[in-house]
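> Next comes the structure file final_23.pdb, holding PDB, C-alpha atoms and all ligand atoms.
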```pdb
ATOM      1  CA  MET A   1     190.566 101.778 128.826
ATOM      2  CA  ALA A   2     187.404  99.864 128.137
ATOM      3  CA  ARG A   3     187.484  98.005 124.889
ATOM      4  CA  THR A   4     184.475  98.217 122.638
ATOM      5  CA  GLU A   5     182.481  95.034 122.459
ATOM      6  CA  TRP A   6     182.948  94.585 118.711
ATOM      7  CA  ASN A   7     185.602  95.845 116.354
ATOM      8  CA  HIS A   8     183.217  95.513 113.441
ATOM      9  CA  VAL A   9     179.509  94.822 113.011
ATOM     10  CA  PRO A  10     177.599  94.341 109.750
ATOM     11  CA  ASP A  11     175.932  97.428 108.238
ATOM     12  CA  ASN A  12     172.560  95.776 108.007
ATOM     13  CA  LEU A  13     171.688  95.324 111.686
ATOM     14  CA  PRO A  14     169.306  94.098 112.981
ATOM     15  CA  LEU A  15     170.207  90.798 111.280
ATOM     16  CA  ALA A  16     167.541  89.826 108.791
ATOM     17  CA  VAL A  17     166.257  86.281 108.508
ATOM     18  CA  ASN A  18     165.078  84.558 105.334
ATOM     19  CA  PRO A  19     162.136  86.653 103.988
ATOM     20  CA  LEU A  20     160.324  83.434 103.114
ATOM     21  CA  PHE A  21     159.153  83.603 106.723
ATOM     22  CA  TYR A  22     157.945  87.236 106.608
ATOM     23  CA  TRP A  23     154.319  88.180 106.886
ATOM     24  CA  PRO A  24     152.858  89.648 104.692
ATOM     25  CA  PRO A  25     154.668  87.683 101.964
ATOM     26  CA  ASN A  26     157.304  89.478  99.938
ATOM     27  CA  PRO A  27     158.112  87.286  96.915
ATOM     28  CA  LYS A  28     160.662  89.727  95.502
ATOM     29  CA  ALA A  29     162.707  89.686  98.704
ATOM     30  CA  VAL A  30     162.569  85.876  98.725
ATOM     31  CA  VAL A  31     163.935  85.695  95.172
ATOM     32  CA  VAL A  32     166.701  88.171  96.054
ATOM     33  CA  TRP A  33     167.584  86.164  99.207
ATOM     34  CA  TYR A  34     167.943  82.843  97.366
ATOM     35  CA  TRP A  35     169.573  84.378  94.313
ATOM     36  CA  SER A  36     172.248  86.077  96.375
ATOM     37  CA  ALA A  37     172.860  82.856  98.350
ATOM     38  CA  TRP A  38     174.051  81.294  95.080
ATOM     39  CA  PHE A  39     174.931  83.944  92.456
ATOM     40  CA  PRO A  40     176.969  85.450  90.914
ATOM     41  CA  ILE A  41     179.686  84.100  93.182
ATOM     42  CA  SER A  42     179.137  82.294  96.448
ATOM     43  CA  ILE A  43     180.523  79.584  98.684
ATOM     44  CA  ASN A  44     177.482  77.430  97.777
ATOM     45  CA  LEU A  45     178.384  77.457  94.099
ATOM     46  CA  ALA A  46     182.077  76.860  94.820
ATOM     47  CA  ILE A  47     181.203  73.826  96.943
ATOM     48  CA  VAL A  48     179.065  72.298  94.164
ATOM     49  CA  ALA A  49     181.955  72.793  91.706
ATOM     50  CA  LEU A  50     184.448  71.302  94.145
ATOM     51  CA  ALA A  51     182.160  68.337  94.813
ATOM     52  CA  TYR A  52     182.026  67.637  91.072
ATOM     53  CA  ALA A  53     185.801  67.861  90.786
ATOM     54  CA  ALA A  54     186.224  65.526  93.773
ATOM     55  CA  TYR A  55     183.685  63.110  92.304
ATOM     56  CA  THR A  56     185.427  63.134  88.917
ATOM     57  CA  TRP A  57     189.051  62.864  90.009
ATOM     58  CA  THR A  58     189.276  61.636  93.596
ATOM     59  CA  ALA A  59     186.436  59.226  94.206
ATOM     60  CA  PRO A  60     185.749  55.569  93.449
ATOM     61  CA  THR A  61     183.183  54.357  90.944
ATOM     62  CA  LEU A  62     180.146  52.596  92.388
ATOM     63  CA  GLY A  63     181.725  49.367  91.118
ATOM     64  CA  GLU A  64     184.980  49.966  93.011
ATOM     65  CA  ALA A  65     183.162  50.983  96.188
ATOM     66  CA  THR A  66     181.466  47.570  96.587
ATOM     67  CA  THR A  67     184.487  46.358  98.565
ATOM     68  CA  PRO A  68     186.691  48.292 100.990
ATOM     69  CA  GLY A  69     189.980  49.337  99.432
ATOM     70  CA  LEU A  70     192.520  52.026  98.698
ATOM     71  CA  TRP A  71     189.757  54.358  97.494
ATOM     72  CA  MET A  72     189.024  55.004 101.174
ATOM     73  CA  LEU A  73     192.520  56.337 101.705
ATOM     74  CA  GLU A  74     192.141  58.475  98.587
ATOM     75  CA  ILE A  75     189.009  60.093 100.081
ATOM     76  CA  LEU A  76     190.788  60.775 103.375
ATOM     77  CA  ILE A  77     193.809  62.360 101.665
ATOM     78  CA  ARG A  78     191.623  64.483  99.368
ATOM     79  CA  ASN A  79     189.606  65.817 102.312
ATOM     80  CA  LEU A  80     192.769  66.476 104.345
ATOM     81  CA  LEU A  81     194.234  68.471 101.475
ATOM     82  CA  ILE A  82     191.101  70.514 100.794
ATOM     83  CA  VAL A  83     190.615  71.425 104.461
ATOM     84  CA  THR A  84     194.278  72.294 104.945
ATOM     85  CA  ILE A  85     194.483  74.474 101.847
ATOM     86  CA  LEU A  86     191.231  76.302 102.587
ATOM     87  CA  ALA A  87     191.677  76.797 106.330
ATOM     88  CA  GLN A  88     195.373  77.654 106.176
ATOM     89  CA  GLY A  89     194.829  79.921 103.163
ATOM     90  CA  LEU A  90     192.174  81.895 105.053
ATOM     91  CA  HIS A  91     194.282  81.865 108.211
ATOM     92  CA  ILE A  92     197.214  83.417 106.346
ATOM     93  CA  LEU A  93     195.005  85.925 104.554
ATOM     94  CA  PHE A  94     193.213  87.176 107.660
ATOM     95  CA  HIS A  95     195.360  86.360 110.677
ATOM     96  CA  SER A  96     199.026  85.476 110.222
ATOM     97  CA  SER A  97     199.734  87.900 107.351
ATOM     98  CA  GLN A  98     196.704  90.139 107.983
ATOM     99  CA  LEU A  99     196.533  91.064 104.336
ATOM    100  CA  GLN A 100     193.183  92.744 104.878
ATOM    101  CA  GLY A 101     194.229  94.467 108.100
ATOM    102  CA  PRO A 102     191.898  94.546 111.113
ATOM    103  CA  ASP A 103     188.999  96.047 109.160
ATOM    104  CA  HIS A 104     185.888  93.860 109.179
ATOM    105  CA  LYS A 105     187.177  91.607 111.959
ATOM    106  CA  TYR A 106     184.297  91.187 114.375
ATOM    107  CA  ASP A 107     186.152  90.604 117.643
ATOM    108  CA  PRO A 108     188.606  93.287 118.836
ATOM    109  CA  ARG A 109     190.851  90.831 120.734
ATOM    110  CA  PRO A 110     194.045  89.480 119.172
ATOM    111  CA  PHE A 111     193.763  86.046 117.550
ATOM    112  CA  PRO A 112     194.914  83.292 118.007
ATOM    113  CA  ARG A 113     195.594  83.086 121.749
ATOM    114  CA  GLN A 114     197.691  81.020 124.125
ATOM    115  CA  GLY A 115     196.287  79.475 127.262
ATOM    116  CA  ARG A 116     195.871  76.335 129.300
ATOM    117  CA  VAL A 117     192.333  75.898 128.068
ATOM    118  CA  PHE A 118     193.727  74.848 124.682
ATOM    119  CA  THR A 119     195.363  71.554 123.673
ATOM    120  CA  PHE A 120     199.122  72.269 123.350
ATOM    121  CA  ASN A 121     198.352  75.539 125.271
ATOM    122  CA  ASN A 122     197.877  77.169 121.898
ATOM    123  CA  GLN A 123     194.614  78.012 120.148
ATOM    124  CA  PHE A 124     195.999  77.651 116.625
ATOM    125  CA  TRP A 125     197.500  74.178 117.135
ATOM    126  CA  ASP A 126     194.516  73.102 119.195
ATOM    127  CA  ASN A 127     192.199  74.027 116.331
ATOM    128  CA  VAL A 128     194.387  72.427 113.634
ATOM    129  CA  PHE A 129     194.686  69.206 115.622
ATOM    130  CA  TRP A 130     190.967  68.677 116.296
ATOM    131  CA  ALA A 131     189.941  69.767 112.807
ATOM    132  CA  LEU A 132     192.259  67.326 111.052
ATOM    133  CA  ALA A 133     192.675  64.391 113.440
ATOM    134  CA  SER A 134     189.030  64.156 114.401
ATOM    135  CA  GLY A 135     187.054  66.290 111.916
ATOM    136  CA  VAL A 136     188.440  65.124 108.593
ATOM    137  CA  THR A 137     188.708  61.505 109.780
ATOM    138  CA  ILE A 138     185.060  61.288 110.824
ATOM    139  CA  TRP A 139     183.864  63.192 107.747
ATOM    140  CA  SER A 140     185.814  60.781 105.506
ATOM    141  CA  ALA A 141     184.547  57.744 107.440
ATOM    142  CA  TYR A 142     180.948  58.821 106.790
ATOM    143  CA  GLU A 143     181.752  59.392 103.126
ATOM    144  CA  CYS A 144     183.278  55.896 102.810
ATOM    145  CA  LEU A 145     180.343  54.325 104.640
ATOM    146  CA  ILE A 146     177.835  55.885 102.276
ATOM    147  CA  TRP A 147     179.862  55.090  99.154
ATOM    148  CA  PHE A 148     179.982  51.464 100.314
ATOM    149  CA  SER A 149     176.258  51.459 101.107
ATOM    150  CA  MET A 150     175.251  53.019  97.794
ATOM    151  CA  ALA A 151     177.484  50.580  95.913
ATOM    152  CA  ASN A 152     175.930  47.582  97.681
ATOM    153  CA  GLY A 153     172.324  48.741  97.515
ATOM    154  CA  TYR A 154     171.897  49.591 101.224
ATOM    155  CA  ALA A 155     171.281  53.230 100.250
ATOM    156  CA  SER A 156     169.401  54.018  97.048
ATOM    157  CA  VAL A 157     171.075  55.924  94.227
ATOM    158  CA  TRP A 158     169.359  58.589  92.108
ATOM    159  CA  LEU A 159     170.908  59.169  88.703
ATOM    160  CA  TRP A 160     170.367  62.157  86.386
ATOM    161  CA  SER A 161     168.487  59.740  84.093
ATOM    162  CA  ASP A 162     166.065  58.924  86.933
ATOM    163  CA  GLY A 163     164.863  62.552  86.820
ATOM    164  CA  TRP A 164     166.845  65.751  86.492
ATOM    165  CA  VAL A 165     164.443  67.894  88.519
ATOM    166  CA  TRP A 166     165.105  65.910  91.712
ATOM    167  CA  PHE A 167     168.786  65.683  90.801
ATOM    168  CA  LEU A 168     169.070  69.500  90.744
ATOM    169  CA  ALA A 169     166.669  70.046  93.650
ATOM    170  CA  VAL A 170     168.873  68.050  96.033
ATOM    171  CA  PHE A 171     171.627  70.671  95.733
ATOM    172  CA  LEU A 172     169.191  73.435  96.662
ATOM    173  CA  LEU A 173     167.754  71.411  99.534
ATOM    174  CA  ILE A 174     171.122  70.809 101.220
ATOM    175  CA  PRO A 175     171.249  74.307 102.824
ATOM    176  CA  VAL A 176     167.595  74.015 103.881
ATOM    177  CA  TRP A 177     168.235  70.649 105.546
ATOM    178  CA  GLU A 178     171.377  72.075 107.126
ATOM    179  CA  SER A 179     169.410  74.868 108.751
ATOM    180  CA  PHE A 180     167.046  72.348 110.325
ATOM    181  CA  TYR A 181     169.513  69.620 111.258
ATOM    182  CA  PHE A 182     172.220  71.905 112.579
ATOM    183  CA  TYR A 183     169.879  73.914 114.821
ATOM    184  CA  TRP A 184     168.545  70.838 116.583
ATOM    185  CA  ILE A 185     171.846  68.989 116.885
ATOM    186  CA  HIS A 186     173.399  72.153 118.206
ATOM    187  CA  ARG A 187     170.680  72.710 120.808
ATOM    188  CA  LEU A 188     171.043  69.096 121.891
ATOM    189  CA  LEU A 189     174.787  69.662 122.328
ATOM    190  CA  HIS A 190     173.987  72.556 124.673
ATOM    191  CA  THR A 191     172.029  70.312 127.060
ATOM    192  CA  ASN A 192     173.648  69.359 130.382
ATOM    193  CA  ASN A 193     174.596  65.832 129.355
ATOM    194  CA  LEU A 194     176.197  66.654 126.041
ATOM    195  CA  TYR A 195     177.728  70.085 126.603
ATOM    196  CA  ARG A 196     180.945  68.497 127.924
ATOM    197  CA  PHE A 197     181.653  67.416 124.321
ATOM    198  CA  HIS A 198     180.595  70.680 122.703
ATOM    199  CA  ALA A 199     182.755  72.662 125.183
ATOM    200  CA  LEU A 200     185.808  71.924 123.054
ATOM    201  CA  HIS A 201     184.372  73.994 120.184
ATOM    202  CA  HIS A 202     183.461  76.728 122.682
ATOM    203  CA  ARG A 203     187.022  77.096 123.936
ATOM    204  CA  ASN A 204     187.069  79.565 121.073
ATOM    205  CA  THR A 205     185.299  82.710 122.241
ATOM    206  CA  ASP A 206     186.946  84.390 119.271
ATOM    207  CA  ILE A 207     187.336  82.350 116.136
ATOM    208  CA  GLY A 208     189.499  81.762 113.077
ATOM    209  CA  PRO A 209     189.115  79.466 110.059
ATOM    210  CA  TRP A 210     190.588  76.437 111.851
ATOM    211  CA  SER A 211     188.114  76.869 114.731
ATOM    212  CA  GLY A 212     185.187  75.934 112.505
ATOM    213  CA  LEU A 213     185.905  72.216 112.483
ATOM    214  CA  SER A 214     187.589  72.143 115.874
ATOM    215  CA  MET A 215     185.233  69.842 117.765
ATOM    216  CA  HIS A 216     185.292  66.805 120.015
ATOM    217  CA  PRO A 217     185.000  63.466 118.135
ATOM    218  CA  ILE A 218     181.560  62.862 119.674
ATOM    219  CA  GLU A 219     180.422  66.242 118.318
ATOM    220  CA  HIS A 220     181.858  65.361 114.896
ATOM    221  CA  LEU A 221     179.816  62.149 114.944
ATOM    222  CA  PHE A 222     176.664  64.207 115.522
ATOM    223  CA  TYR A 223     177.661  66.984 113.137
ATOM    224  CA  PHE A 224     178.603  64.870 110.108
ATOM    225  CA  GLY A 225     175.812  62.426 111.032
ATOM    226  CA  THR A 226     173.720  64.682 108.798
ATOM    227  CA  ALA A 227     174.942  62.419 105.980
ATOM    228  CA  LEU A 228     172.891  59.491 107.301
ATOM    229  CA  ILE A 229     169.925  61.054 105.495
ATOM    230  CA  HIS A 230     171.390  59.503 102.330
ATOM    231  CA  PHE A 231     170.175  56.146 103.654
ATOM    232  CA  VAL A 232     166.622  57.501 103.597
ATOM    233  CA  VAL A 233     166.507  59.837 100.603
ATOM    234  CA  PRO A 234     167.580  58.606  97.134
ATOM    235  CA  THR A 235     170.567  60.668  95.998
ATOM    236  CA  HIS A 236     173.674  60.487  93.820
ATOM    237  CA  PRO A 237     177.209  60.107  95.260
ATOM    238  CA  VAL A 238     177.990  63.658  94.082
ATOM    239  CA  HIS A 239     175.136  64.939  96.283
ATOM    240  CA  MET A 240     176.602  63.117  99.253
ATOM    241  CA  ILE A 241     180.095  64.528  98.606
ATOM    242  CA  CYS A 242     178.592  68.000  98.238
ATOM    243  CA  HIS A 243     176.513  67.601 101.402
ATOM    244  CA  LEU A 244     179.524  66.594 103.521
ATOM    245  CA  MET A 245     181.644  69.340 101.965
ATOM    246  CA  PHE A 246     178.882  71.821 102.730
ATOM    247  CA  TYR A 247     179.162  70.936 106.427
ATOM    248  CA  GLY A 248     182.946  70.595 106.412
ATOM    249  CA  LEU A 249     183.870  73.656 104.383
ATOM    250  CA  TYR A 250     181.135  76.046 105.511
ATOM    251  CA  ALA A 251     182.335  75.505 109.059
ATOM    252  CA  ILE A 252     185.687  76.889 107.919
ATOM    253  CA  THR A 253     184.474  79.846 105.844
ATOM    254  CA  THR A 254     181.905  80.982 108.436
ATOM    255  CA  HIS A 255     184.472  80.947 111.261
ATOM    256  CA  THR A 256     187.082  83.277 109.744
ATOM    257  CA  GLY A 257     186.207  85.897 112.364
ATOM    258  CA  PHE A 258     185.832  88.400 109.506
ATOM    259  CA  GLU A 259     182.730  89.479 107.598
ATOM    260  CA  GLY A 260     184.243  88.737 104.203
ATOM    261  CA  ILE A 261     186.804  89.537 101.564
ATOM    262  CA  TRP A 262     187.073  93.192 100.603
ATOM    263  CA  VAL A 263     188.868  94.263  97.440
ATOM    264  CA  SER A 264     189.290  97.947  96.541
ATOM    265  CA  GLY A 265     186.798  99.066  99.159
ATOM    266  CA  ARG A 266     184.027  96.657  98.192
ATOM    267  CA  LYS A 267     182.875  93.385  99.721
ATOM    268  CA  ARG A 268     183.473  90.713  97.077
ATOM    269  CA  LEU A 269     182.713  87.590  99.061
ATOM    270  CA  GLN A 270     180.611  87.073 102.172
ATOM    271  CA  LEU A 271     182.289  84.705 104.628
ATOM    272  CA  GLY A 272     181.652  85.180 108.341
ATOM    273  CA  MET A 273     178.308  85.004 110.059
ATOM    274  CA  PHE A 274     177.902  87.649 112.751
ATOM    275  CA  HIS A 275     174.972  85.544 113.919
ATOM    276  CA  HIS A 276     177.291  82.626 114.814
ATOM    277  CA  GLN A 277     180.091  84.919 116.000
ATOM    278  CA  MET A 278     177.651  86.105 118.689
ATOM    279  CA  HIS A 279     177.025  82.471 119.620
ATOM    280  CA  HIS A 280     180.731  82.100 120.362
ATOM    281  CA  ARG A 281     180.664  85.229 122.520
ATOM    282  CA  TYR A 282     177.396  84.661 124.398
ATOM    283  CA  PHE A 283     176.898  80.863 124.127
ATOM    284  CA  GLU A 284     173.139  80.703 124.739
ATOM    285  CA  VAL A 285     171.878  82.489 121.609
ATOM    286  CA  ASN A 286     171.808  81.923 117.863
ATOM    287  CA  TYR A 287     172.129  78.168 117.658
ATOM    288  CA  GLY A 288     171.082  77.982 114.017
ATOM    289  CA  SER A 289     171.511  80.059 110.899
ATOM    290  CA  LEU A 290     169.379  82.693 109.198
ATOM    291  CA  ASP A 291     168.018  80.508 106.400
ATOM    292  CA  VAL A 292     165.228  79.022 108.494
ATOM    293  CA  PRO A 293     164.730  81.262 111.538
ATOM    294  CA  TRP A 294     164.542  78.554 114.200
ATOM    295  CA  ASP A 295     166.127  80.937 116.668
ATOM    296  CA  LYS A 296     163.308  83.411 116.096
ATOM    297  CA  PHE A 297     160.645  80.719 116.460
ATOM    298  CA  PHE A 298     162.093  79.504 119.747
ATOM    299  CA  GLY A 299     163.110  82.838 121.244
ATOM    300  CA  THR A 300     166.860  82.218 121.081
ATOM    301  CA  PHE A 301     167.563  84.957 118.510
ATOM    302  CA  HIS A 302     169.993  87.826 119.064
ATOM    303  CA  ASP A 303     169.728  90.233 116.139
ATOM    304  CA  GLY A 304     172.988  92.065 116.935
ATOM    305  CA  THR A 305     171.365  95.228 118.330
ATOM    306  CA  PRO A 306     171.276  96.469 121.946
ATOM    307  CA  ALA A 307     167.579  95.485 121.982
ATOM    308  CA  GLY A 308     168.581  91.940 120.983
ATOM    309  CA  LYS A 309     171.123  91.852 123.789
ATOM    310  CA  ALA A 310     168.604  93.087 126.348
ATOM    311  CA  MET A 311     166.200  90.331 125.250
ATOM    312  CA  MET A 312     168.924  87.726 125.665
ATOM    313  CA  LYS A 313     169.793  88.938 129.161
ATOM    314  CA  GLU A 314     166.148  88.875 130.204
ATOM    315  CA  ARG A 315     165.723  85.324 128.881
ATOM    316  CA  LEU A 316     168.818  84.036 130.654
ATOM    317  CA  LYS A 317     167.683  85.650 133.924
ATOM    318  CA  THR A 318     164.323  83.878 133.873
ATOM    319  CA  ARG A 319     165.995  80.622 132.881
ATOM    320  CA  LYS A 320     168.280  80.744 135.879
ATOM    321  CA  ARG A 321     165.358  81.342 138.205
ATOM    322  CA  ASN A 322     163.567  78.186 137.008
TER     323      ASN A 322
HETATM  324 ZN    ZN B 401     181.145  77.696 115.897
HETATM  325 ZN    ZN B 402     177.373  76.053 120.673
END
```
Could you take the file, read its structure, and then write that structure out as structure tokens?


Amino acid sequence: MARTEWNHVPDNLPLAVNPLFYWPPNPKAVVVWYWSAWFPISINLAIVALAYAAYTWTAPTLGEATTPGLWMLEILIRNLLIVTILAQGLHILFHSSQLQGPDHKYDPRPFPRQGRVFTFNNQFWDNVFWALASGVTIWSAYECLIWFSMANGYASVWLWSDGWVWFLAVFLLIPVWESFYFYWIHRLLHTNNLYRFHALHHRNTDIGPWSGLSMHPIEHLFYFGTALIHFVVPTHPVHMICHLMFYGLYAITTHTGFEGIWVSGRKRLQLGMFHHQMHHRYFEVNYGSLDVPWDKFFGTFHDGTPAGKAMMKERLKTRKRN
């Protein structure tokens, strides 16, 4: 019996991109888009809160960070714990205990899988290994590097007292920068020379929370390299922690394979991105996110409808001919 292509698709297909880019302008839709990205409860807000907690309890002071020391180990252990608790918690919720059942899981195939394509012949352990051994290590190394650089004046620090408007704006700009940086890094990783590194992430044609950070070390260097912007733009250490967490933790929450958390018949928290789920299925579409519609600008968008799929097929046909 033929299996349907998707077990679940979002209600609001075709996928909508940020209305900031609509013509004619629709200010109300823009306000609703940004408001719902943050309030009343969102991953964005949770990451800012977690970044503050990490900064308060598990980070050095700028004075301590002037010389390498045990604070580096503290950062590594904190990041290991956060990733493990979040990814394993979501894995138990959705996959190993299936507390929500199969409803709202995008891909109909069972997850996780066995197979020679995976390290240890097992998708789950493959994903855990690459996420922790490579992902958290490289993330923490960048964090230590920037702490050290801010402490020694190689990267400039912006305090609340230097201006609160910029201080607050940086938090809002992180997702905007992410949309830009991630699209281009990701497209670069799909070029002939670099795809061999990105292929490790694409072993996962269906995904779970641990798949999000499952990447080759070279890809992690590119991915978390987003933090190098702190050498150029004056920011506070809490911004840098938040920025790295945004990359590290969003990768986990957007790769659950499920649309979100449902309680008593209502969606309470948006998690998965159907947009990126399609990237894992079809590879050559939807490199970015919906916040800045790079995929629309460059013709790599699949909006989740049959028309979107037909467009993708047509594009890939002409590409092969060239
Ligand atoms: Zn992915
Ligand atoms: Zn990719």

> Starting from the PyMOL selection byres (((chain A and resi 198) around 9) and not hetatm), expand the selection into actual residues of this file and give them as a ChimeraX atom specification.

/A:186,189-190,194-197,199-202,215-216,218-219

> Can you build me a table of chain A residues sitting at most 7 Å from ligand ZN 401 (chain B), with the closest atom pair per residue and its distance in Å to one decimal, using all atoms listed in the file, sorted by chain and residue number, as CSV?


```
residue,atom,partner,partner_atom,distance
A:His201,CA,B:ZN401,ZN,6.5
A:Gly212,CA,B:ZN401,ZN,5.6
A:His255,CA,B:ZN401,ZN,6.6
A:His276,CA,B:ZN401,ZN,6.4
A:His280,CA,B:ZN401,ZN,6.3
```

> Could you please take those selected residues and save C-alpha atoms as a PDB file, keeping the file's coordinate frame?


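Listing of result_16.pdb after writing:
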```pdb
ATOM      1  CA  HIS A 201     184.372  73.994 120.184  1.00  0.00           C
ATOM      2  CA  GLY A 212     185.187  75.934 112.505  1.00  0.00           C
ATOM      3  CA  HIS A 255     184.472  80.947 111.261  1.00  0.00           C
ATOM      4  CA  HIS A 276     177.291  82.626 114.814  1.00  0.00           C
ATOM      5  CA  HIS A 280     180.731  82.100 120.362  1.00  0.00           C
TER       6      HIS A 280
END
```

> Would you compute the distance between CA of Arg266 (chain A) and CA of Gln100 (chain A)? Give it in Å to one decimal.

12.0 Å

> Could you expand the PyMOL selection byres (((chain A and resi 21-38) around 12) and not hetatm) into the explicit residues it covers here, written as a ChimeraX atom specification?

/A:16-20,39-48,171-173,175-176,269-271,290-294,296-297

> Please evaluate the PyMOL selection byres (((chain A and resi 282) around 12) and not hetatm) against the structure above and give the resulting residues as a ChimeraX atom specification.

/A:5,202,204-206,275-281,283-287,300-302,304,308-309,312-313,316

> What does the file look like for those residues with C-alpha atoms, as a PDB file, in the frame of the given file?


```pdb
ATOM      1  CA  GLU A   5     182.481  95.034 122.459  1.00  0.00           C
ATOM      2  CA  HIS A 202     183.461  76.728 122.682  1.00  0.00           C
ATOM      3  CA  ASN A 204     187.069  79.565 121.073  1.00  0.00           C
ATOM      4  CA  THR A 205     185.299  82.710 122.241  1.00  0.00           C
ATOM      5  CA  ASP A 206     186.946  84.390 119.271  1.00  0.00           C
ATOM      6  CA  HIS A 275     174.972  85.544 113.919  1.00  0.00           C
ATOM      7  CA  HIS A 276     177.291  82.626 114.814  1.00  0.00           C
ATOM      8  CA  GLN A 277     180.091  84.919 116.000  1.00  0.00           C
ATOM      9  CA  MET A 278     177.651  86.105 118.689  1.00  0.00           C
ATOM     10  CA  HIS A 279     177.025  82.471 119.620  1.00  0.00           C
ATOM     11  CA  HIS A 280     180.731  82.100 120.362  1.00  0.00           C
ATOM     12  CA  ARG A 281     180.664  85.229 122.520  1.00  0.00           C
ATOM     13  CA  PHE A 283     176.898  80.863 124.127  1.00  0.00           C
ATOM     14  CA  GLU A 284     173.139  80.703 124.739  1.00  0.00           C
ATOM     15  CA  VAL A 285     171.878  82.489 121.609  1.00  0.00           C
ATOM     16  CA  ASN A 286     171.808  81.923 117.863  1.00  0.00           C
ATOM     17  CA  TYR A 287     172.129  78.168 117.658  1.00  0.00           C
ATOM     18  CA  THR A 300     166.860  82.218 121.081  1.00  0.00           C
ATOM     19  CA  PHE A 301     167.563  84.957 118.510  1.00  0.00           C
ATOM     20  CA  HIS A 302     169.993  87.826 119.064  1.00  0.00           C
ATOM     21  CA  GLY A 304     172.988  92.065 116.935  1.00  0.00           C
ATOM     22  CA  GLY A 308     168.581  91.940 120.983  1.00  0.00           C
ATOM     23  CA  LYS A 309     171.123  91.852 123.789  1.00  0.00           C
ATOM     24  CA  MET A 312     168.924  87.726 125.665  1.00  0.00           C
ATOM     25  CA  LYS A 313     169.793  88.938 129.161  1.00  0.00           C
ATOM     26  CA  LEU A 316     168.818  84.036 130.654  1.00  0.00           C
TER      27      LEU A 316
END
```

> Write out as a list in words the residues lying within 6 Å of region 154-158 of chain A, counting all atoms listed in the file and excluding same-chain residues fewer than 6 positions away.

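Contacts, in chain order: Phe231, Pro234, Thr235 and His236 of chain A.
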
> Hey, can you spit out that residue selection with C-alpha atoms as a JSON list (two decimals), in the coordinates of the input?


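Okay, this is what ended up in part_39.json:
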```json
[["chain", "number", "residue", "atom", "x", "y", "z"],
["A", 231, "PHE", "CA", 170.18, 56.15, 103.65],
["A", 234, "PRO", "CA", 167.58, 58.61, 97.13],
["A", 235, "THR", "CA", 170.57, 60.67, 96.00],
["A", 236, "HIS", "CA", 173.67, 60.49, 93.82]]
```

> Nearest to ligand ZN 402 (chain B) among A:Arg203, A:His104, A:Arg113, A:His95, with distances taken over all atoms listed in the file: which residue is it?

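Residue with the minimum atom-to-atom distance to ligand ZN 402 (chain B): A:Arg203.
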
> Rounded to one decimal in Å, what is the spacing between CA of Asn79 (chain A) and CA of Pro237 (chain A)?

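So the two atoms, CA of Asn79 (chain A) and CA of Pro237 (chain A), lie 15.4 Å apart.
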
> Quick one: pull the distance between CA of His243 (chain A) and CA of Ala227 (chain A), Å, one decimal.

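Distance between the two atoms: 7.1 Å.
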
> Using all atoms listed in the file, pick whichever of A:Thr4, A:Val233, A:Pro14, A:Leu168 has the shortest atom-to-atom distance to Thr305 (chain A).

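Checking each of A:Thr4, A:Val233, A:Pro14, A:Leu168 against Thr305 (chain A), counting all atoms listed in the file, the winner is A:Pro14.
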
> Leaving out Gly63 (chain A) and any residue of its chain fewer than 3 positions from it, which residues lie within 8 Å of it when counting only C-alpha atoms, given as a PyMOL selection string?

chain A and resi 60+66+151

> I want to know what sits within 12 Å of Leu228 (chain A), based on only C-alpha atoms, with residues of the same chain fewer than 5 positions away left out; could you give that as a PyMOL selection string?

chain A and resi 139+141-147+149-150+154-155+181+221-223+233-235+240+243-244

> Smallest atom-to-atom distance to His91 (chain A): which of A:Val128, A:Leu70, A:Ile185, A:Ala169, using only C-alpha atoms?

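Distance minimum relative to His91 (chain A) lands on A:Val128.
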
> Compile the contact shell of Val238 (chain A) as an MDAnalysis selection string: residues with an atom at most 7 Å away, counting only C-alpha atoms, same-chain residues fewer than 3 positions apart removed.

chainID A and resid 51:52 55 241:242
